[in-house]
Structure formats: C-alpha cells, structure tokens
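Enquirer: My structure file structure.csv, CSV, C-alpha atoms and all ligand atoms, is below:
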chain,number,residue,atom,x,y,z
A,779,MET,CA,45.5,-226.3,46.3
A,780,THR,CA,47.5,-223.3,47.5
A,781,ASP,CA,46.2,-220.1,49.1
A,782,VAL,CA,46.5,-218.3,45.8
A,783,ASP,CA,45.2,-219.9,42.7
A,784,ILE,CA,47.6,-219.4,39.8
A,785,ASP,CA,46.2,-219.7,36.3
A,786,PRO,CA,49.0,-221.4,34.3
A,787,SER,CA,48.1,-219.3,31.2
A,788,ASP,CA,49.0,-216.2,33.2
A,789,ILE,CA,52.7,-217.3,33.5
A,790,ASP,CA,54.7,-215.7,30.7
A,791,ALA,CA,57.9,-217.7,30.3
A,792,PHE,CA,59.3,-214.9,28.2
A,793,ASP,CA,58.4,-212.2,30.7
A,794,ASP,CA,62.0,-210.9,31.1
A,795,ASP,CA,62.6,-207.9,29.0
A,796,VAL,CA,65.4,-209.3,26.8
A,797,SER,CA,66.0,-205.9,25.2
A,798,VAL,CA,67.6,-204.8,28.5
A,799,PRO,CA,71.4,-205.3,28.1
A,800,PRO,CA,73.2,-207.4,30.7
A,801,THR,CA,74.9,-205.5,33.5
A,802,ALA,CA,78.2,-206.2,35.1
A,803,GLU,CA,76.4,-207.8,38.0
A,804,ASP,CA,74.5,-210.3,35.8
A,805,ASP,CA,75.8,-213.8,36.1
A,806,TRP,CA,75.7,-214.6,32.4
A,807,GLU,CA,77.3,-213.6,29.2
A,808,PRO,CA,75.6,-213.6,25.8
A,809,LEU,CA,77.0,-216.2,23.4
A,810,ALA,CA,78.8,-214.9,20.3
A,811,SER,CA,76.7,-215.1,17.1
A,812,THR,CA,77.5,-218.0,14.9
A,813,ARG,CA,75.8,-216.7,11.8
A,814,LEU,CA,77.9,-216.0,8.7
A,815,PHE,CA,80.5,-213.2,9.1
A,816,ASP,CA,79.7,-209.9,7.4
A,817,GLY,CA,82.7,-207.9,6.1
A,818,VAL,CA,83.3,-206.3,9.6
A,819,GLY,CA,83.2,-209.7,11.3
A,820,ALA,CA,85.6,-211.2,8.8
A,821,ASP,CA,88.0,-208.3,9.3
A,822,ALA,CA,87.8,-208.8,13.1
A,823,PHE,CA,88.5,-212.5,12.7
A,824,LEU,CA,91.5,-211.7,10.5
A,825,ARG,CA,93.0,-209.4,13.1
A,826,ARG,CA,93.0,-212.4,15.6
A,827,ALA,CA,94.1,-215.2,13.3
A,828,PRO,CA,95.5,-215.7,9.8
A,829,ALA,CA,93.0,-217.2,7.3
A,830,THR,CA,92.9,-218.2,3.6
A,831,ILE,CA,90.3,-216.1,1.7
A,832,VAL,CA,88.4,-218.1,-0.9
A,833,ALA,CA,86.1,-216.1,-3.2
A,834,ILE,CA,83.3,-218.2,-4.6
A,835,VAL,CA,81.9,-216.5,-7.7
A,836,GLY,CA,79.6,-217.6,-10.5
A,837,GLU,CA,76.2,-217.1,-12.0
A,838,ARG,CA,72.9,-217.3,-10.2
A,839,GLY,CA,72.0,-220.9,-9.3
A,840,SER,CA,75.3,-222.3,-10.4
A,841,GLY,CA,75.8,-224.0,-7.0
A,842,LYS,CA,78.0,-221.7,-5.0
A,843,THR,CA,76.3,-221.9,-1.6
A,844,THR,CA,75.7,-225.7,-2.0
A,845,LEU,CA,79.4,-226.2,-2.8
A,846,VAL,CA,80.6,-224.6,0.5
A,847,SER,CA,77.8,-225.9,2.8
A,848,THR,CA,78.2,-229.5,1.7
A,849,ILE,CA,81.9,-229.4,2.5
A,850,TYR,CA,80.8,-228.6,6.1
A,851,GLU,CA,78.1,-231.3,5.8
A,852,ARG,CA,80.8,-234.0,5.0
A,853,PHE,CA,82.6,-233.2,8.2
A,854,LEU,CA,79.4,-233.8,10.2
A,855,ARG,CA,79.7,-237.4,9.3
A,856,GLU,CA,83.5,-238.2,9.6
A,857,PRO,CA,86.9,-236.8,8.7
A,858,PHE,CA,87.0,-236.0,5.0
A,859,GLY,CA,89.7,-235.9,2.4
A,860,GLY,CA,92.5,-236.4,4.9
A,861,TYR,CA,91.2,-233.5,7.1
A,862,LEU,CA,89.6,-233.3,10.5
A,863,PHE,CA,87.0,-230.7,11.4
A,864,ALA,CA,88.5,-228.4,14.0
A,865,LEU,CA,86.0,-225.5,14.4
A,866,SER,CA,83.6,-223.2,12.7
A,867,ARG,CA,82.6,-219.7,14.0
A,868,THR,CA,79.7,-219.8,11.6
A,869,LEU,CA,77.8,-223.0,12.6
A,870,THR,CA,74.4,-221.4,12.5
A,871,GLY,CA,75.1,-220.0,9.0
A,872,PHE,CA,76.0,-223.4,7.7
A,873,GLU,CA,73.0,-225.0,9.4
A,874,GLN,CA,70.6,-222.4,8.0
A,875,ARG,CA,71.8,-223.1,4.5
A,876,LEU,CA,71.6,-226.9,5.0
A,877,PHE,CA,68.1,-227.1,6.6
A,878,THR,CA,66.2,-227.4,3.3
A,879,SER,CA,68.3,-230.4,2.3
A,880,ARG,CA,67.2,-232.3,5.4
A,881,LEU,CA,64.3,-234.5,6.1
A,882,ALA,CA,63.2,-232.2,9.0
A,883,SER,CA,62.4,-229.5,6.5
A,884,GLY,CA,59.6,-231.8,5.1
A,885,ARG,CA,60.9,-231.4,1.5
A,886,ALA,CA,60.9,-234.4,-0.8
A,887,VAL,CA,63.9,-233.1,-2.8
A,888,PRO,CA,66.9,-231.4,-1.2
A,889,ALA,CA,67.4,-227.7,-2.0
A,890,THR,CA,69.5,-224.8,-1.1
A,891,PRO,CA,68.0,-221.4,-0.2
A,892,ARG,CA,68.8,-218.8,-2.8
A,893,THR,CA,71.2,-216.0,-1.7
A,894,SER,CA,69.3,-212.8,-2.0
A,895,ALA,CA,70.7,-210.1,-4.3
A,896,GLN,CA,70.0,-207.7,-1.4
A,897,ASP,CA,72.2,-209.6,1.0
A,898,PRO,CA,75.6,-208.0,1.6
A,899,LEU,CA,78.9,-210.0,1.3
A,900,HIS,CA,79.1,-212.8,3.9
A,901,PHE,CA,81.8,-215.4,4.8
A,902,PHE,CA,81.6,-219.0,6.0
A,903,HIS,CA,84.4,-219.9,8.5
A,904,LEU,CA,85.9,-223.4,8.6
A,905,ALA,CA,88.9,-224.5,10.6
A,906,LEU,CA,90.5,-227.8,9.5
A,907,ALA,CA,93.4,-229.9,10.5
A,908,ARG,CA,95.3,-232.5,8.5
A,909,ASP,CA,94.7,-236.0,9.8
A,910,SER,CA,98.5,-236.5,9.8
A,911,ASN,CA,99.1,-233.4,12.0
A,912,PRO,CA,96.0,-232.4,14.0
A,913,SER,CA,97.8,-229.7,16.0
A,914,VAL,CA,98.0,-227.3,13.0
A,915,HIS,CA,94.7,-225.6,12.0
A,916,PHE,CA,93.9,-223.9,8.7
A,917,ASN,CA,91.3,-221.2,8.8
A,918,LEU,CA,89.3,-220.8,5.6
A,919,LEU,CA,87.0,-217.8,5.0
A,920,LEU,CA,84.7,-218.7,2.1
A,921,SER,CA,82.6,-215.9,0.6
A,922,GLU,CA,78.9,-215.9,-0.1
A,923,ARG,CA,77.3,-213.5,-2.4
A,924,ALA,CA,74.4,-213.7,-4.8
A,925,GLY,CA,75.2,-214.5,-8.5
A,926,GLU,CA,73.6,-211.2,-9.7
A,927,LEU,CA,76.6,-209.3,-8.5
A,928,TYR,CA,79.0,-211.3,-10.6
A,929,ARG,CA,76.8,-210.7,-13.7
A,930,LEU,CA,77.3,-206.9,-13.0
A,931,VAL,CA,81.1,-207.5,-12.9
A,932,ARG,CA,80.9,-209.3,-16.2
A,933,ASP,CA,79.2,-206.2,-17.7
A,934,ASN,CA,81.5,-203.7,-16.0
A,935,PRO,CA,84.8,-205.2,-14.9
A,936,ALA,CA,85.7,-202.1,-12.8
A,937,ARG,CA,83.0,-203.2,-10.3
A,938,ALA,CA,85.3,-206.0,-9.1
A,939,LEU,CA,87.4,-203.3,-7.5
A,940,ASP,CA,84.5,-202.8,-5.0
A,941,LEU,CA,84.4,-206.5,-4.0
A,942,PRO,CA,86.7,-207.2,-1.1
A,943,GLU,CA,86.4,-211.0,-1.6
A,944,ILE,CA,88.1,-210.4,-4.9
A,945,THR,CA,90.6,-207.8,-4.0
A,946,LYS,CA,91.7,-209.8,-0.9
A,947,ALA,CA,91.4,-213.3,-2.4
A,948,ASP,CA,94.0,-216.0,-2.0
A,949,HIS,CA,91.8,-218.2,-4.2
A,950,ILE,CA,89.0,-217.4,-6.6
A,951,VAL,CA,86.6,-220.2,-7.4
A,952,VAL,CA,84.7,-219.6,-10.6
A,953,VAL,CA,81.7,-222.0,-10.5
A,954,ILE,CA,80.1,-223.3,-13.8
A,955,ASP,CA,76.6,-224.7,-13.6
A,956,GLY,CA,76.8,-228.3,-14.9
A,957,ARG,CA,73.1,-228.4,-15.4
A,958,ARG,CA,73.3,-225.7,-18.0
A,959,LEU,CA,76.2,-227.3,-19.7
A,960,ILE,CA,74.4,-230.6,-20.4
A,961,ASP,CA,71.4,-228.8,-22.0
A,962,PRO,CA,72.4,-227.9,-25.6
A,963,LYS,CA,70.0,-224.9,-25.4
A,964,SER,CA,71.9,-223.3,-22.5
A,965,ALA,CA,75.4,-224.7,-22.9
A,966,ALA,CA,76.8,-222.1,-25.2
A,967,GLU,CA,75.4,-219.3,-23.1
A,968,ALA,CA,76.8,-220.7,-19.9
A,969,ALA,CA,80.2,-221.1,-21.5
A,970,ALA,CA,80.1,-217.5,-22.8
A,971,GLU,CA,79.2,-216.2,-19.4
A,972,THR,CA,82.1,-218.1,-17.7
A,973,ARG,CA,84.5,-216.7,-20.4
A,974,GLY,CA,83.1,-213.2,-19.8
A,975,LEU,CA,83.5,-213.4,-16.0
A,976,LEU,CA,87.1,-214.7,-16.3
A,977,ARG,CA,87.9,-211.9,-18.8
A,978,ALA,CA,86.3,-209.3,-16.6
A,979,LEU,CA,88.3,-210.5,-13.5
A,980,ALA,CA,91.5,-210.6,-15.5
A,981,ASP,CA,91.0,-207.1,-17.0
A,982,SER,CA,89.6,-205.5,-13.8
A,983,GLY,CA,93.0,-205.2,-12.0
A,984,ALA,CA,91.1,-206.3,-8.8
A,985,VAL,CA,92.6,-209.8,-8.6
A,986,PRO,CA,95.8,-209.9,-6.5
A,987,THR,CA,98.8,-211.1,-8.5
A,988,THR,CA,99.2,-214.0,-6.1
A,989,ALA,CA,95.6,-215.2,-6.3
A,990,CYS,CA,95.0,-218.7,-7.7
A,991,VAL,CA,92.0,-219.4,-9.9
A,992,GLN,CA,90.0,-222.6,-9.8
A,993,VAL,CA,87.3,-223.2,-12.4
A,994,VAL,CA,84.8,-225.6,-10.8
A,995,ALA,CA,82.2,-227.5,-12.9
A,996,THR,CA,79.4,-228.4,-10.4
A,997,LYS,CA,76.5,-230.9,-10.5
A,998,MET,CA,78.7,-233.5,-12.2
A,999,ASP,CA,76.1,-236.2,-11.1
A,1000,LEU,CA,74.1,-235.0,-14.1
A,1001,PHE,CA,77.0,-236.0,-16.4
A,1002,ALA,CA,76.8,-239.7,-15.4
A,1003,GLY,CA,75.6,-242.3,-17.9
A,1004,ARG,CA,76.2,-243.3,-21.5
A,1005,GLY,CA,73.9,-240.6,-23.0
A,1006,LYS,CA,76.2,-237.9,-21.6
A,1007,THR,CA,79.4,-238.7,-23.6
A,1008,LYS,CA,78.9,-235.6,-25.8
A,1009,SER,CA,78.4,-233.4,-22.8
A,1010,ARG,CA,81.5,-234.7,-21.2
A,1011,ALA,CA,83.5,-234.0,-24.4
A,1012,ALA,CA,82.1,-230.5,-24.6
A,1013,LEU,CA,83.1,-229.8,-21.0
A,1014,LYS,CA,86.6,-231.0,-21.7
A,1015,GLU,CA,86.7,-228.8,-24.8
A,1016,LEU,CA,85.5,-225.8,-22.8
A,1017,GLN,CA,88.1,-226.4,-20.1
A,1018,ASP,CA,90.9,-226.6,-22.6
A,1019,ALA,CA,89.7,-223.4,-24.3
A,1020,LEU,CA,89.6,-221.5,-20.9
A,1021,THR,CA,93.1,-222.7,-20.0
A,1022,LYS,CA,94.4,-221.5,-23.3
A,1023,ALA,CA,92.8,-218.1,-22.9
A,1024,PHE,CA,93.3,-217.4,-19.2
A,1025,ALA,CA,96.1,-219.6,-17.6
A,1026,ALA,CA,98.7,-216.9,-18.3
A,1027,ARG,CA,96.6,-214.2,-16.7
A,1028,PHE,CA,96.5,-215.5,-13.1
A,1029,ALA,CA,99.1,-216.9,-10.6
A,1030,SER,CA,97.6,-220.4,-11.2
A,1031,PHE,CA,94.7,-221.7,-13.2
A,1032,GLN,CA,93.1,-225.2,-12.6
A,1033,HIS,CA,90.0,-227.1,-13.4
A,1034,PHE,CA,87.9,-229.2,-11.0
A,1035,GLU,CA,84.7,-231.2,-11.3
A,1036,VAL,CA,82.4,-231.5,-8.3
A,1037,THR,CA,79.2,-233.1,-7.2
A,1038,ALA,CA,78.1,-231.1,-4.2
A,1039,ARG,CA,74.8,-232.8,-3.6
A,1040,ASP,CA,73.3,-235.4,-5.9
A,1041,PRO,CA,69.5,-235.4,-5.2
A,1042,LYS,CA,69.4,-239.1,-6.2
A,1043,ALA,CA,72.2,-239.8,-3.7
A,1044,LYS,CA,74.2,-241.9,-6.1
A,1045,VAL,CA,77.3,-239.8,-5.7
A,1046,SER,CA,78.5,-239.0,-2.2
A,1047,VAL,CA,78.1,-235.5,-0.8
A,1048,GLY,CA,80.9,-233.1,-1.7
A,1049,SER,CA,82.5,-235.5,-4.1
A,1050,GLY,CA,85.5,-233.8,-5.8
A,1051,THR,CA,85.9,-231.1,-3.1
A,1052,GLU,CA,88.8,-232.9,-1.4
A,1053,ARG,CA,91.2,-231.6,-4.1
A,1054,LEU,CA,90.0,-228.1,-3.5
A,1055,LEU,CA,90.6,-228.4,0.2
A,1056,ASN,CA,94.1,-229.6,-0.6
A,1057,LEU,CA,94.8,-226.5,-2.6
A,1058,TRP,CA,93.3,-224.1,-0.2
A,1059,THR,CA,95.3,-225.4,2.7
A,1060,ALA,CA,98.6,-225.8,0.8
A,1061,ASP,CA,101.6,-223.9,2.1
A,1062,ARG,CA,102.0,-220.7,0.2
A,1063,PRO,CA,105.3,-218.7,-0.1
A,1064,PRO,CA,105.0,-215.5,2.0
A,1065,PRO,CA,104.0,-212.5,0.0
A,1066,ALA,CA,107.0,-210.6,-1.5
A,1067,ARG,CA,107.4,-207.4,0.5
A,1068,PRO,CA,108.7,-204.3,-1.3
A,1069,LYS,CA,112.0,-203.1,0.1
A,1070,PRO,CA,111.5,-200.0,2.2
A,1071,ASP,CA,112.7,-196.7,0.6
A,1072,LEU,CA,115.4,-195.8,3.2
A,1073,PRO,CA,117.1,-192.4,3.1
A,1074,VAL,CA,120.8,-192.4,2.1
A,1075,LEU,CA,122.8,-192.3,5.3
A,1076,THR,CA,125.7,-189.8,5.0
A,1077,THR,CA,126.7,-188.6,8.5
A,1078,GLN,CA,127.4,-190.5,11.7
A,1079,PHE,CA,124.4,-188.8,13.2
A,1080,ASP,CA,122.1,-190.3,10.5
A,1081,ARG,CA,123.3,-193.8,11.5
A,1082,LEU,CA,122.7,-193.1,15.1
A,1083,ARG,CA,119.1,-192.2,14.4
A,1084,LEU,CA,118.5,-195.7,12.9
A,1085,LYS,CA,119.9,-197.5,16.0
A,1086,PRO,CA,117.2,-199.4,17.9
A,1087,GLY,CA,115.9,-197.4,20.8
A,1088,ALA,CA,117.4,-194.1,19.4
B,1,LIG,N1,72.0,-232.2,-9.2
B,1,LIG,C1,72.7,-231.3,-8.5
B,1,LIG,N2,72.1,-230.2,-8.1
B,1,LIG,C2,72.9,-229.3,-7.3
B,1,LIG,C3,74.2,-229.6,-7.0
B,1,LIG,N3,74.7,-228.5,-6.3
B,1,LIG,C4,73.7,-227.6,-6.2
B,1,LIG,N4,72.6,-228.1,-6.8
B,1,LIG,C5,71.3,-227.4,-6.9
B,1,LIG,O1,71.4,-226.2,-7.6
B,1,LIG,C6,70.5,-225.2,-7.1
B,1,LIG,C7,71.3,-223.9,-6.9
B,1,LIG,O2,72.3,-224.1,-6.0
B,1,LIG,P1,72.8,-222.8,-5.0
B,1,LIG,O3,73.9,-223.4,-4.2
B,1,LIG,O4,71.7,-222.2,-4.3
B,1,LIG,O5,73.4,-221.8,-6.2
B,1,LIG,P2,74.0,-220.4,-5.9
B,1,LIG,O6,75.1,-220.3,-6.9
B,1,LIG,O7,74.4,-220.2,-4.5
B,1,LIG,O8,72.8,-219.4,-6.4
B,1,LIG,P3,72.6,-217.9,-5.9
B,1,LIG,O9,72.6,-217.9,-4.4
B,1,LIG,O10,71.2,-217.6,-6.5
B,1,LIG,O11,73.6,-217.1,-6.6
B,1,LIG,C8,70.0,-225.8,-5.8
B,1,LIG,O12,68.6,-226.2,-6.0
B,1,LIG,C9,70.9,-227.0,-5.5
B,1,LIG,O13,70.1,-228.0,-4.9
B,1,LIG,C10,74.8,-230.8,-7.4
B,1,LIG,O14,76.0,-231.2,-7.2
B,1,LIG,N5,74.0,-231.7,-8.1
B,2,MG,MG,73.9,-218.8,-3.1
Would you mind giving the structure from this file in structure tokens?
Ligand SMILES: Nc1nc2c(ncn2[C@@H]2O[C@H](COP(=O)(O)OP(=O)(O)OP(=O)(O)O)[C@@H](O)[C@H]2O)c(=O)[nH]1
Ligand SMILES: [Mg+2]
Expert:
Amino acid sequence: MTDVDIDPSDIDAFDDDVSVPPTAEDDWEPLASTRLFDGVGADAFLRRAPATIVAIVGERGSGKTTLVSTIYERFLREPFGGYLFALSRTLTGFEQRLFTSRLASGRAVPATPRTSAQDPLHFFHLALARDSNPSVHFNLLLSERAGELYRLVRDNPARALDLPEITKADHIVVVIDGRRLIDPKSAAEAAAETRGLLRALADSGAVPTTACVQVVATKMDLFAGRGKTKSRAALKELQDALTKAFAARFASFQHFEVTARDPKAKVSVGSGTERLLNLWTADRPPPARPKPDLPVLTTQFDRLRLKPGA
C-alpha cells in the first residue's frame, strides 16, 4: 500500500484532450486517414501519382460495392490473377465494407452494407503490380456511389455531366444484377434499366471519347445448375442486344460475368474479376493532345520571342 490510495476507477485512460491539435514540439504525427477518398482526396492523390479511374455504376443492390471490395479481399489471401497487392491508401474503407461478410460480425450470411444515397462520391484505392514485373505499380481509383444516383441519370442524362467519376473515367463498369435476371418477374425490368442507363450515358456527352465500357453481370453463382439454362440463354441474348445497340457509341464495349461473393462458397471470391484487372491495367495510348494554336511568325523578332529563355 502506498502513501496515497488510488482508486483505479479514477484513472481515465482517455484523459488527454484529443481535440487539441499537435504542436511542433510534440513527438508524434497523426497517421493519414485510410478511409475511402472523397473527391478532394482523389484529386490530391492524382496530383501525386497517375491512376486509372474506374467508375462503377448500376442500380441499387446490383453488387457494385461487393465487386470492388472482394477484389481487395482476394489479395488478402494470395496474389490474384497474375497480380501482386502493392498498396492501398483506403484500407479502412475496404475493411469497413467487408466486415459484415466476416465471422467476427456474428452474421450467418455474408452481406455488404448498403451505400447510402446521402453519401457523396467516394473512391477505393488499389495499387497492384504484375507478378512478372513487380517494380511497376498500377494505381486504380474505383468509384463508390449509391445506385439511386444512376437511376436519376437514367431519367435525366444531363445529370451525368455533374458526376466526376463519369466525366473523368478511363473505364465505366455498368453492373447488372444477376439475381434480378434469373427471376422472370424482374428480368425484363433489369434489362430495360441497363439499356436505359447505357443510352443515358451515351447521350449525355459526359463520357470521355477514350473511356472503355464494361458491362458486368454479377452474382453468376446464381446461374449455376441445370435449371438455369434458360436464364443463361436470356443473359447471352441481352449481351448480344446491348453490343448491337451500344458498341459503336463508346471507345470499347465488352461483357464480363462475375461472382463477387457466393454465400454458399461454391465459387471462389472475386471469380471473373481477373479479366477486369487485366483490362484496367492494360497500357493505353497517351491521349491525343490538340495542336496548340500558334501565331503565324512573320518577322525575325517574332521568332526571337519563341526562343527558349527569351
Ligand atoms: N449471391 C451473390 N450475392 C451477391 C454477390 N455480390 C453481391 N451480392 C449481394 O448483393 C447484395 C447487394 O450488394 P452491394 O454490393 O451492396 O450492391 P450495391 O450495388 O453496392 O448497392 P447500393 O450500394 O445500394 O447501390 C449484398 O447483399 C451482397 O451480399 C454475388 O456474387 N453473389
Ligand atoms: Mg454500394
């Protein structure tokens, strides 16, 4: 027993006023946030390093967030699709979206938290390197936005002009909900919505002429089995019809089929996303720069003015 009795409950481990900003004399630095980038954070990142911008668009519940977060999840286990995980500046953002798919969440069935319609635009960051050449990193910025916003674009294409993930996109991934396609009651509506969104994007004038479009059918685990032959044929028919209607309106137009997360765990996590990674990290020709409009040089003095250092 010491001279002064201290009641352990009197000790407040969080006594320091954390709202006081650190001073130059403090011997510590706050860690940078690793939540998802907002628009300002993404711009700041792009000023430091080049990155490929991938806009993930589609209806509510189609599987946009799960698609991106399970690509990261694959890299937690091992190299994936010929790529090594190099870095992510948004680790906490990924982990927050994956928590409800883990045992620690106490859930019996894996799930993804819904992106709120009130949430502003966010971006996931993923830096990857090819297995064959680990010294070269590819930075990917993958957008996250609630499906409601894209419904508004479908109704009013001009709204796409206000969406930076579209106007700055290198790739636009249009996600189709496989669950709705296998149900005859919702299949026609899901197909019409996808057609409507693609038409709105093509008509909006917001999509860069260099942007490549990938139409991704998700939840392909639900198409497995003999009873699903008709659904698979209907999906193929829809893909052909979309190609016919829209392939000429974008720089490139391709179809993909993906199982991001099969709740029965029969299909591996992120199955089918390797081909997407390949496309997103492919070398692209540098953008064509318009020739500067130089004045006609007539006198010797004009030429002198254009000399370096003049
Ligand atoms: N069976 C199956 N379910 C999936 C798959 N991918 C996603 N889901 C489920 O689909 C539901 C919706 O997925 P989200 O990723 O939240 O969809 P979202 O497009 O981001 O939806 P919003 O944020 O509301 O726009 C979740 O419950 C997922 O668990 C898949 O590959 N297979
Ligand atoms: Mg989401």
Enquirer: Residues within 6 Å of ligand MG 2 (chain B), counting all atoms listed in the file: report them as a list in words.
Expert: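 Using all atoms listed in the file, everything at most 6 Å from ligand MG 2 (chain B) comes to Lys842, Thr843, Arg892, Thr893 and Ala924 of chain A.
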Enquirer: With distances taken over only C-alpha atoms, which of A:Gly836, A:Leu869, A:Asp933, A:Thr890 is nearest to A:Ile954?
Expert: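 The closest residue to A:Ile954 is A:Gly836.
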Enquirer: Considering only C-alpha atoms, return as a PyMOL selection string whatever protein or nucleic-acid residues lie within 8 Å of stretch 925-932 of chain A, sequence-local ones (same chain, fewer than 5 positions apart) excluded.
Expert: chain A and resi 835-839+895+937-938+971+974-975+977-979
Enquirer: Taking into account all atoms listed in the file, which residue in the set A:Gly819, A:Pro1070, A:Gly1048, A:Gly884 is nearest to ligand LIG 1 (chain B)?
Expert: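 Checking each of A:Gly819, A:Pro1070, A:Gly1048, A:Gly884 against ligand LIG 1 (chain B), counting all atoms listed in the file, the winner is A:Gly1048.
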Enquirer: For A:Phe858, please output as a ChimeraX atom specification all residues within 9 Å (counting all atoms listed in the file; exclusion window: fewer than 6 positions along the same chain).
Expert: /A:849,852,1052
Enquirer: Could you name the residues that touch A:Pro898 at 10 Å or less, counting all atoms listed in the file, but leaving out those on the same chain fewer than 4 positions away, as a compact mmCIF listing (two decimals) with C-alpha atoms, keeping the file's coordinate frame?
Expert:
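Generated output (around_12.txt):
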# COMPACT_ATOMS: atom_id res chain seq x y z
CA ASP A 816 79.70 -209.90 7.40
CA GLY A 817 82.70 -207.90 6.10
CA THR A 893 71.20 -216.00 -1.70
CA SER A 894 69.30 -212.80 -2.00
CA GLU A 922 78.90 -215.90 -0.10
CA ARG A 923 77.30 -213.50 -2.40
CA ALA A 924 74.40 -213.70 -4.80
Enquirer: Could you tell me which of A:Arg1039, A:Lys1008, A:Arg825, A:Lys1069 comes closest to ligand LIG 1 (chain B) if we count all atoms listed in the file?
Expert: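 That would be A:Arg1039, the residue with the smallest distance to ligand LIG 1 (chain B).
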Enquirer: I'd like to know which of A:Leu1016, A:Val914, A:Leu906, A:Leu899 is closest to ligand LIG 1 (chain B), using all atoms listed in the file.
Expert: A:Leu899
Enquirer: Just checking: using only C-alpha atoms and all ligand atoms, which residue out of A:Asp1018, A:Asp999, A:Asp1080, A:Glu873 ends up closest to ligand LIG 1 (chain B)?
Expert: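 Of all the options, A:Asp999 lies closest to ligand LIG 1 (chain B).
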Enquirer: For ligand LIG 1 (chain B), which residue among A:Thr1059, A:Ser982, A:Thr972, A:Ser879 is the nearest when counting all atoms listed in the file?
Expert: A:Ser879
Enquirer: As an exercise, work out the distance from atom CA of A:Phe916 to atom C8 of ligand LIG 1 (chain B) in Å and give it to one decimal place.
Expert: 28.0 Å
Enquirer: Measure the distance from atom O5 of ligand LIG 1 (chain B) to atom CA of A:Arg908 in Å and round it to one decimal.
Expert: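 Separation between atom O5 of ligand LIG 1 (chain B) and atom CA of A:Arg908: 28.5 Å.
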Enquirer: So how many Å separate atom CA of A:Arg867 and atom CA of A:Thr830, to one decimal?
Expert: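 Computed distance, atom CA of A:Arg867 to atom CA of A:Thr830, equals 14.7 Å.
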Enquirer: Using all atoms listed in the file, determine which residues lie at most 9 Å from A:Thr988, disregarding the query and same-chain residues fewer than 3 positions distant; provide the list as an MDAnalysis selection string.
Expert: chainID A and resid 947:949 985 1028:1030 1065
Enquirer: The selected residues should be written to file as a CSV table (one decimal), keeping the file's coordinate frame (atoms: C-alpha atoms).
Expert:
chain,number,residue,atom,x,y,z
A,947,ALA,CA,91.4,-213.3,-2.4
A,948,ASP,CA,94.0,-216.0,-2.0
A,949,HIS,CA,91.8,-218.2,-4.2
A,985,VAL,CA,92.6,-209.8,-8.6
A,1028,PHE,CA,96.5,-215.5,-13.1
A,1029,ALA,CA,99.1,-216.9,-10.6
A,1030,SER,CA,97.6,-220.4,-11.2
A,1065,PRO,CA,104.0,-212.5,0.0
